[in-house]
file my_file-v4.cif (mmCIF, C-alpha atoms)
data_model
#
loop_
_atom_site.label_atom_id
_atom_site.label_comp_id
_atom_site.auth_asym_id
_atom_site.auth_seq_id
_atom_site.Cartn_x
_atom_site.Cartn_y
_atom_site.Cartn_z
CA MET A 1 0.00 0.00 0.00
CA GLN A 2 1.28 3.45 -0.89
CA PHE A 3 0.65 6.33 1.50
CA ALA A 4 1.49 9.25 -0.81
CA PRO A 5 -2.13 10.57 -0.88
CA LEU A 6 -2.06 10.82 2.92
CA PHE A 7 1.07 12.93 3.26
CA PRO A 8 -0.57 16.27 2.34
CA LEU A 9 -3.23 15.60 5.00
CA VAL A 10 -0.60 14.63 7.59
CA TYR A 11 1.31 17.80 6.74
CA ARG A 12 -1.74 20.01 7.29
CA ILE A 13 -2.30 18.40 10.70
CA LEU A 14 1.29 18.36 11.97
CA GLN A 15 2.61 21.65 10.63
CA PRO A 16 0.53 23.95 12.87
CA SER A 17 0.95 21.57 15.81
CA PHE A 18 4.75 21.72 15.72
CA PRO A 19 5.64 25.25 14.58
CA ASN A 20 9.26 25.00 15.77
CA CYS A 21 10.02 22.51 12.99
CA LEU A 22 10.88 23.72 9.52
CA TRP A 23 8.02 22.51 7.32
CA CYS A 24 8.23 25.00 4.46
CA GLY A 25 9.53 28.43 3.47
CA ASP A 26 7.88 31.78 2.81
CA SER A 27 4.64 31.36 0.86
CA ASN A 28 5.16 34.83 -0.62
CA LYS A 29 8.43 33.89 -2.30
CA LYS A 30 8.74 31.58 -5.29
CA ASN A 31 11.53 29.62 -3.57
CA ILE A 32 11.58 25.86 -3.09
CA ALA A 33 14.10 23.44 -1.59
CA LEU A 34 15.12 20.09 -3.03
CA THR A 35 16.29 17.76 -0.27
CA PHE A 36 17.72 14.25 -0.41
CA ASP A 37 17.67 11.66 2.38
CA ASP A 38 19.58 8.46 3.20
CA GLY A 39 22.87 9.12 1.38
CA PRO A 40 25.53 9.53 0.41
CA HIS A 41 25.40 6.60 -1.99
CA PRO A 42 28.39 5.64 -4.16
CA LEU A 43 26.29 5.40 -7.34
CA TYR A 44 23.11 7.43 -6.92
CA THR A 45 24.54 10.54 -5.25
CA PRO A 46 27.03 11.25 -8.09
CA GLN A 47 24.13 10.91 -10.53
CA VAL A 48 22.19 13.50 -8.53
CA LEU A 49 25.20 15.81 -8.45
CA ALA A 50 25.59 15.59 -12.23
CA VAL A 51 22.01 16.80 -12.77
CA LEU A 52 22.27 19.54 -10.15
CA ASP A 53 25.55 20.70 -11.68
CA ARG A 54 24.00 20.93 -15.12
CA TYR A 55 21.22 23.22 -13.87
CA ARG A 56 23.43 25.03 -11.34
CA ILE A 57 21.06 24.15 -8.51
CA THR A 58 22.03 24.03 -4.85
CA ALA A 59 20.22 21.40 -2.78
CA SER A 60 20.27 19.98 0.76
CA PHE A 61 21.34 16.48 1.80
CA PHE A 62 20.41 14.69 5.04
CA TRP A 63 22.96 11.99 5.65
CA LEU A 64 23.28 8.75 7.54
CA GLY A 65 26.61 8.65 9.34
CA VAL A 66 27.24 5.03 8.35
CA CYS A 67 26.88 5.98 4.67
CA VAL A 68 29.27 8.91 5.07
CA ASN A 69 31.87 6.55 6.52
CA ARG A 70 31.36 4.17 3.59
CA SER A 71 31.65 6.89 0.92
CA PRO A 72 33.64 9.83 2.34
CA HIS A 73 34.83 10.92 -1.11
CA ILE A 74 31.21 11.24 -2.27
CA ALA A 75 30.38 13.25 0.83
CA LYS A 76 33.27 15.60 0.12
CA ALA A 77 32.10 16.04 -3.49
CA VAL A 78 28.69 17.17 -2.21
CA LYS A 79 30.23 19.60 0.25
CA ASP A 80 32.70 21.00 -2.30
CA ARG A 81 29.80 21.98 -4.56
CA GLY A 82 28.27 24.10 -1.83
CA HIS A 83 25.23 21.97 -1.06
CA TRP A 84 23.72 22.18 2.43
CA ILE A 85 24.26 19.20 4.71
CA GLY A 86 22.11 17.95 7.58
CA LEU A 87 21.84 14.90 9.82
CA HIS A 88 19.56 11.86 9.43
CA GLY A 89 21.04 9.81 12.26
CA TYR A 90 23.94 7.38 12.15
CA GLU A 91 21.75 4.51 10.96
CA HIS A 92 18.16 4.61 9.76
CA HIS A 93 16.69 4.03 13.21
CA SER A 94 13.43 5.63 14.26
CA PHE A 95 14.28 8.39 16.74
CA PRO A 96 11.36 7.67 19.12
CA MET A 97 12.72 4.14 19.55
CA LEU A 98 16.07 5.42 20.81
CA SER A 99 16.84 6.50 24.36
CA PRO A 100 18.03 10.11 24.76
CA THR A 101 21.60 8.83 25.15
CA GLU A 102 21.35 6.68 22.02
CA LEU A 103 19.83 9.53 20.02
CA LYS A 104 22.54 11.97 21.08
CA GLN A 105 25.24 9.44 20.24
CA SER A 106 23.66 8.77 16.84
CA LEU A 107 23.70 12.47 15.93
CA GLU A 108 27.18 13.08 17.30
CA LYS A 109 28.63 10.05 15.48
CA THR A 110 27.13 11.41 12.27
CA GLN A 111 28.68 14.81 12.92
CA VAL A 112 32.06 13.18 13.44
CA ALA A 113 31.73 11.18 10.21
CA ILE A 114 30.86 14.33 8.24
CA ASN A 115 33.65 16.30 9.87
CA ASN A 116 36.17 13.59 8.97
CA ALA A 117 34.97 13.48 5.35
CA CYS A 118 34.18 17.14 4.72
CA ASP A 119 36.01 19.14 7.40
CA LEU A 120 32.74 20.62 8.64
CA GLN A 121 32.65 21.37 12.35
CA PRO A 122 29.80 19.93 14.45
CA GLU A 123 28.37 23.36 15.26
CA VAL A 124 27.65 23.86 11.54
CA LEU A 125 25.75 20.56 11.33
CA ARG A 126 22.62 21.53 13.25
CA ASP A 127 19.78 20.54 10.91
CA VAL A 128 18.19 17.16 11.68
CA ARG A 129 15.51 15.27 9.78
CA PRO A 130 14.12 12.24 11.63
CA PRO A 131 14.09 9.00 9.60
CA ASN A 132 10.60 8.40 8.17
CA GLY A 133 9.57 11.73 9.69
CA PHE A 134 8.89 10.02 13.02
CA PHE A 135 9.30 12.09 16.16
CA ARG A 136 7.60 12.86 19.46
CA PRO A 137 7.32 16.14 21.35
CA ALA A 138 10.02 14.81 23.69
CA THR A 139 12.30 14.36 20.65
CA LEU A 140 11.88 18.01 19.71
CA LYS A 141 12.61 19.10 23.27
CA LEU A 142 15.88 17.20 23.11
CA PHE A 143 16.74 18.83 19.78
CA GLN A 144 16.17 22.24 21.33
CA GLN A 145 18.24 21.32 24.38
CA TRP A 146 21.10 20.14 22.16
CA ASN A 147 20.85 23.10 19.76
CA TYR A 148 19.64 21.15 16.73
CA ARG A 149 17.05 22.42 14.23
CA PRO A 150 14.31 19.91 13.22
CA VAL A 151 13.64 19.88 9.47
CA MET A 152 10.51 18.22 8.09
CA TRP A 153 8.81 18.54 4.67
CA SER A 154 5.80 19.72 2.74
CA VAL A 155 6.01 17.56 -0.42
CA VAL A 156 6.65 13.81 -0.04
CA PRO A 157 6.13 11.87 -3.32
CA GLU A 158 7.01 8.54 -1.68
CA ASP A 159 9.75 7.88 -4.22
CA TRP A 160 11.31 5.19 -1.99
CA VAL A 161 8.65 2.66 -2.99
CA ARG A 162 9.51 3.31 -6.67
CA PRO A 163 6.02 3.93 -8.08
CA GLY A 164 7.62 5.09 -11.33
CA VAL A 165 9.48 8.23 -12.33
CA ASN A 166 6.47 9.87 -13.99
CA VAL A 167 4.27 9.17 -10.97
CA VAL A 168 6.81 10.80 -8.63
CA VAL A 169 7.14 13.83 -10.91
CA GLN A 170 3.36 14.28 -11.15
CA ARG A 171 2.93 13.99 -7.39
CA ILE A 172 5.45 16.77 -6.87
CA LEU A 173 4.01 19.03 -9.57
CA GLN A 174 0.52 18.62 -8.12
CA GLN A 175 1.65 19.67 -4.62
CA VAL A 176 4.46 22.16 -5.16
CA LYS A 177 3.88 25.79 -4.20
CA ASN A 178 5.87 28.75 -2.93
CA GLY A 179 8.14 27.65 -0.09
CA SER A 180 7.78 23.92 -0.71
CA LEU A 181 10.28 21.61 0.96
CA ILE A 182 10.53 18.53 -1.28
CA VAL A 183 11.86 15.17 -0.07
CA LEU A 184 13.57 12.74 -2.45
CA HIS A 185 16.01 9.91 -1.72
CA ASP A 186 19.49 9.13 -2.99
CA GLY A 187 19.95 6.05 -0.82
CA VAL A 188 19.29 2.36 -1.36
CA CYS A 189 15.51 2.86 -1.48
CA GLY A 190 14.44 5.31 -4.16
CA GLY A 191 17.89 6.31 -5.31
CA GLN A 192 17.67 4.06 -8.36
CA ASP A 193 15.23 6.51 -9.98
CA VAL A 194 16.22 9.84 -8.48
CA ALA A 195 18.43 11.15 -11.30
CA ALA A 196 15.82 10.28 -13.93
CA THR A 197 13.19 12.00 -11.77
CA LEU A 198 15.27 15.15 -11.56
CA GLU A 199 15.88 15.18 -15.30
CA ILE A 200 12.13 15.53 -15.86
CA LEU A 201 11.21 17.52 -12.76
CA ILE A 202 13.74 20.34 -12.69
CA PRO A 203 13.04 21.78 -16.16
CA GLN A 204 9.31 21.89 -15.39
CA LEU A 205 9.84 23.63 -12.05
CA LEU A 206 12.20 26.14 -13.66
CA GLN A 207 9.63 26.78 -16.37
CA GLN A 208 7.11 27.59 -13.65
CA GLY A 209 9.50 30.21 -12.29
CA TYR A 210 10.67 28.51 -9.12
CA GLU A 211 14.07 29.29 -7.64
CA PHE A 212 15.90 26.52 -5.80
CA VAL A 213 17.33 27.36 -2.37
CA THR A 214 18.80 25.43 0.55
CA VAL A 215 17.19 24.47 3.84
CA ASP A 216 19.31 27.11 5.53
CA SER A 217 17.77 29.74 3.26
CA LEU A 218 14.29 28.58 4.25
CA TRP A 219 15.19 28.95 7.93
CA ASN A 220 16.37 32.48 7.26
CA GLN A 221 13.07 33.32 5.61
#
call {"tool": "encode", "arguments": {"input": "my_file-v4.cif", "output": "structure tokens"}}
result
Amino acid sequence: MQFAPLFPLVYRILQPSFPNCLWCGDSNKKNIALTFDDGPHPLYTPQVLAVLDRYRITASFFWLGVCVNRSPHIAKAVKDRGHWIGLHGYEHHSFPMLSPTELKQSLEKTQVAINNACDLQPEVLRDVRPPNGFFRPATLKLFQQWNYRPVMWSVVPEDWVRPGVNVVVQRILQQVKNGSLIVLHDGVCGGQDVAATLEILIPQLLQQGYEFVTVDSLWNQ
């Protein structure tokens, strides 16, 4: 069963309930953010970078620490192009299932992995997206206590179940609006199709007049 039709409803319920999370940008500006979860991947992430390079687009990547350690040269290639980098945990474990100590260790291990690969200090790596978007109010309190910024989404095409490139593109085009925060995947699940998706999606979004910005830019708005 695919849950893509439910995500817009979930968004409308959760967004006003948790205003301290970043769900979207300024609705008065034609800016959108492309974000990628679950990487870096040795094959799919370079394919994503090639498309972004061609269109001179800056995106945001939320990384698993274990994947950074496996592909540090890919991580450095992302950083060297000026893309924004956030945390997705060390492994793809649901944050509510972790104890506070385990959660803190997961985020800190990911910061260390990124610092080793990209020479980015931990204080720069503050943005966190929970795997599968799962969190509790207690999770957000811990983020605030530890000086992390929770980043969520407004457009989730459920690309990880691979419904087909055209289906993913249409889901995004039907939901995108000013300030949209779009989630795609360049990891094991969904990454197989992500470059082909971008090849179709980006020209259509540019034609509609959207400008691509980073998650950090959305925070600043």
call {"tool": "resolve_selection", "arguments": {"input": "my_file-v4.cif", "expression": "the PyMOL selection byres ((chain A and resi 108) around 10)", "output": "count of residues only"}}
result
18
call {"tool": "resolve_selection", "arguments": {"input": "my_file-v4.cif", "expression": "the PyMOL selection byres ((chain A and resi 167-184) around 6)", "output": "JSON, numbers by chain"}}
result
{"A": [24, 25, 26, 27, 29, 30, 31, 32, 33, 34, 35, 36, 153, 154, 155, 156, 157, 164, 165, 166, 185, 201]}
call {"tool": "write_last_selection", "arguments": {"input": "my_file-v4.cif", "atoms": "C-alpha atoms", "output": "PDB file, in the coordinates of the input"}}
result
ATOM      1  CA  CYS A  24       8.230  25.000   4.460  1.00  0.00           C
ATOM      2  CA  GLY A  25       9.530  28.430   3.470  1.00  0.00           C
ATOM      3  CA  ASP A  26       7.880  31.780   2.810  1.00  0.00           C
ATOM      4  CA  SER A  27       4.640  31.360   0.860  1.00  0.00           C
ATOM      5  CA  LYS A  29       8.430  33.890  -2.300  1.00  0.00           C
ATOM      6  CA  LYS A  30       8.740  31.580  -5.290  1.00  0.00           C
ATOM      7  CA  ASN A  31      11.530  29.620  -3.570  1.00  0.00           C
ATOM      8  CA  ILE A  32      11.580  25.860  -3.090  1.00  0.00           C
ATOM      9  CA  ALA A  33      14.100  23.440  -1.590  1.00  0.00           C
ATOM     10  CA  LEU A  34      15.120  20.090  -3.030  1.00  0.00           C
ATOM     11  CA  THR A  35      16.290  17.760  -0.270  1.00  0.00           C
ATOM     12  CA  PHE A  36      17.720  14.250  -0.410  1.00  0.00           C
ATOM     13  CA  TRP A 153       8.810  18.540   4.670  1.00  0.00           C
ATOM     14  CA  SER A 154       5.800  19.720   2.740  1.00  0.00           C
ATOM     15  CA  VAL A 155       6.010  17.560  -0.420  1.00  0.00           C
ATOM     16  CA  VAL A 156       6.650  13.810  -0.040  1.00  0.00           C
ATOM     17  CA  PRO A 157       6.130  11.870  -3.320  1.00  0.00           C
ATOM     18  CA  GLY A 164       7.620   5.090 -11.330  1.00  0.00           C
ATOM     19  CA  VAL A 165       9.480   8.230 -12.330  1.00  0.00           C
ATOM     20  CA  ASN A 166       6.470   9.870 -13.990  1.00  0.00           C
ATOM     21  CA  HIS A 185      16.010   9.910  -1.720  1.00  0.00           C
ATOM     22  CA  LEU A 201      11.210  17.520 -12.760  1.00  0.00           C
TER      23      LEU A 201
END
call {"tool": "residues_near_point", "arguments": {"input": "my_file-v4.cif", "point": "(21.9, 17.3, 10.7)", "cutoff": "9 Å", "atoms": "all atoms listed in the file", "output": "list in words"}}
result
Phe61, Phe62, Trp63, Ile85, Gly86, Leu87, His88, Gly89, Leu107, Thr110, Gln111, Val124, Leu125, Arg126, Asp127, Val128, Arg129, Tyr148, Arg149, Pro150 and Val151 of chain A
call {"tool": "resolve_selection", "arguments": {"input": "my_file-v4.cif", "expression": "the PyMOL selection byres ((chain A and resi 11) around 10)", "output": "number ranges by chain"}}
result
A: 6-10, 12-17, 23, 152-156
call {"tool": "closest_residue", "arguments": {"input": "my_file-v4.cif", "among": "A:Glu91, A:Val78, A:Ala4, A:Phe18", "to": "Phe135 in chain A", "atoms": "all atoms listed in the file"}}
result
A:Phe18
call {"tool": "atom_distance", "arguments": {"input": "my_file-v4.cif", "atom1": "CA of Lys141 in chain A", "atom2": "CA of Cys21 in chain A"}}
result
11.1 Å
call {"tool": "closest_residue", "arguments": {"input": "my_file-v4.cif", "among": "A:Asp80, A:Asn28, A:Gln2, A:His41", "to": "Tyr210 in chain A", "atoms": "all atoms listed in the file"}}
result
A:Asn28
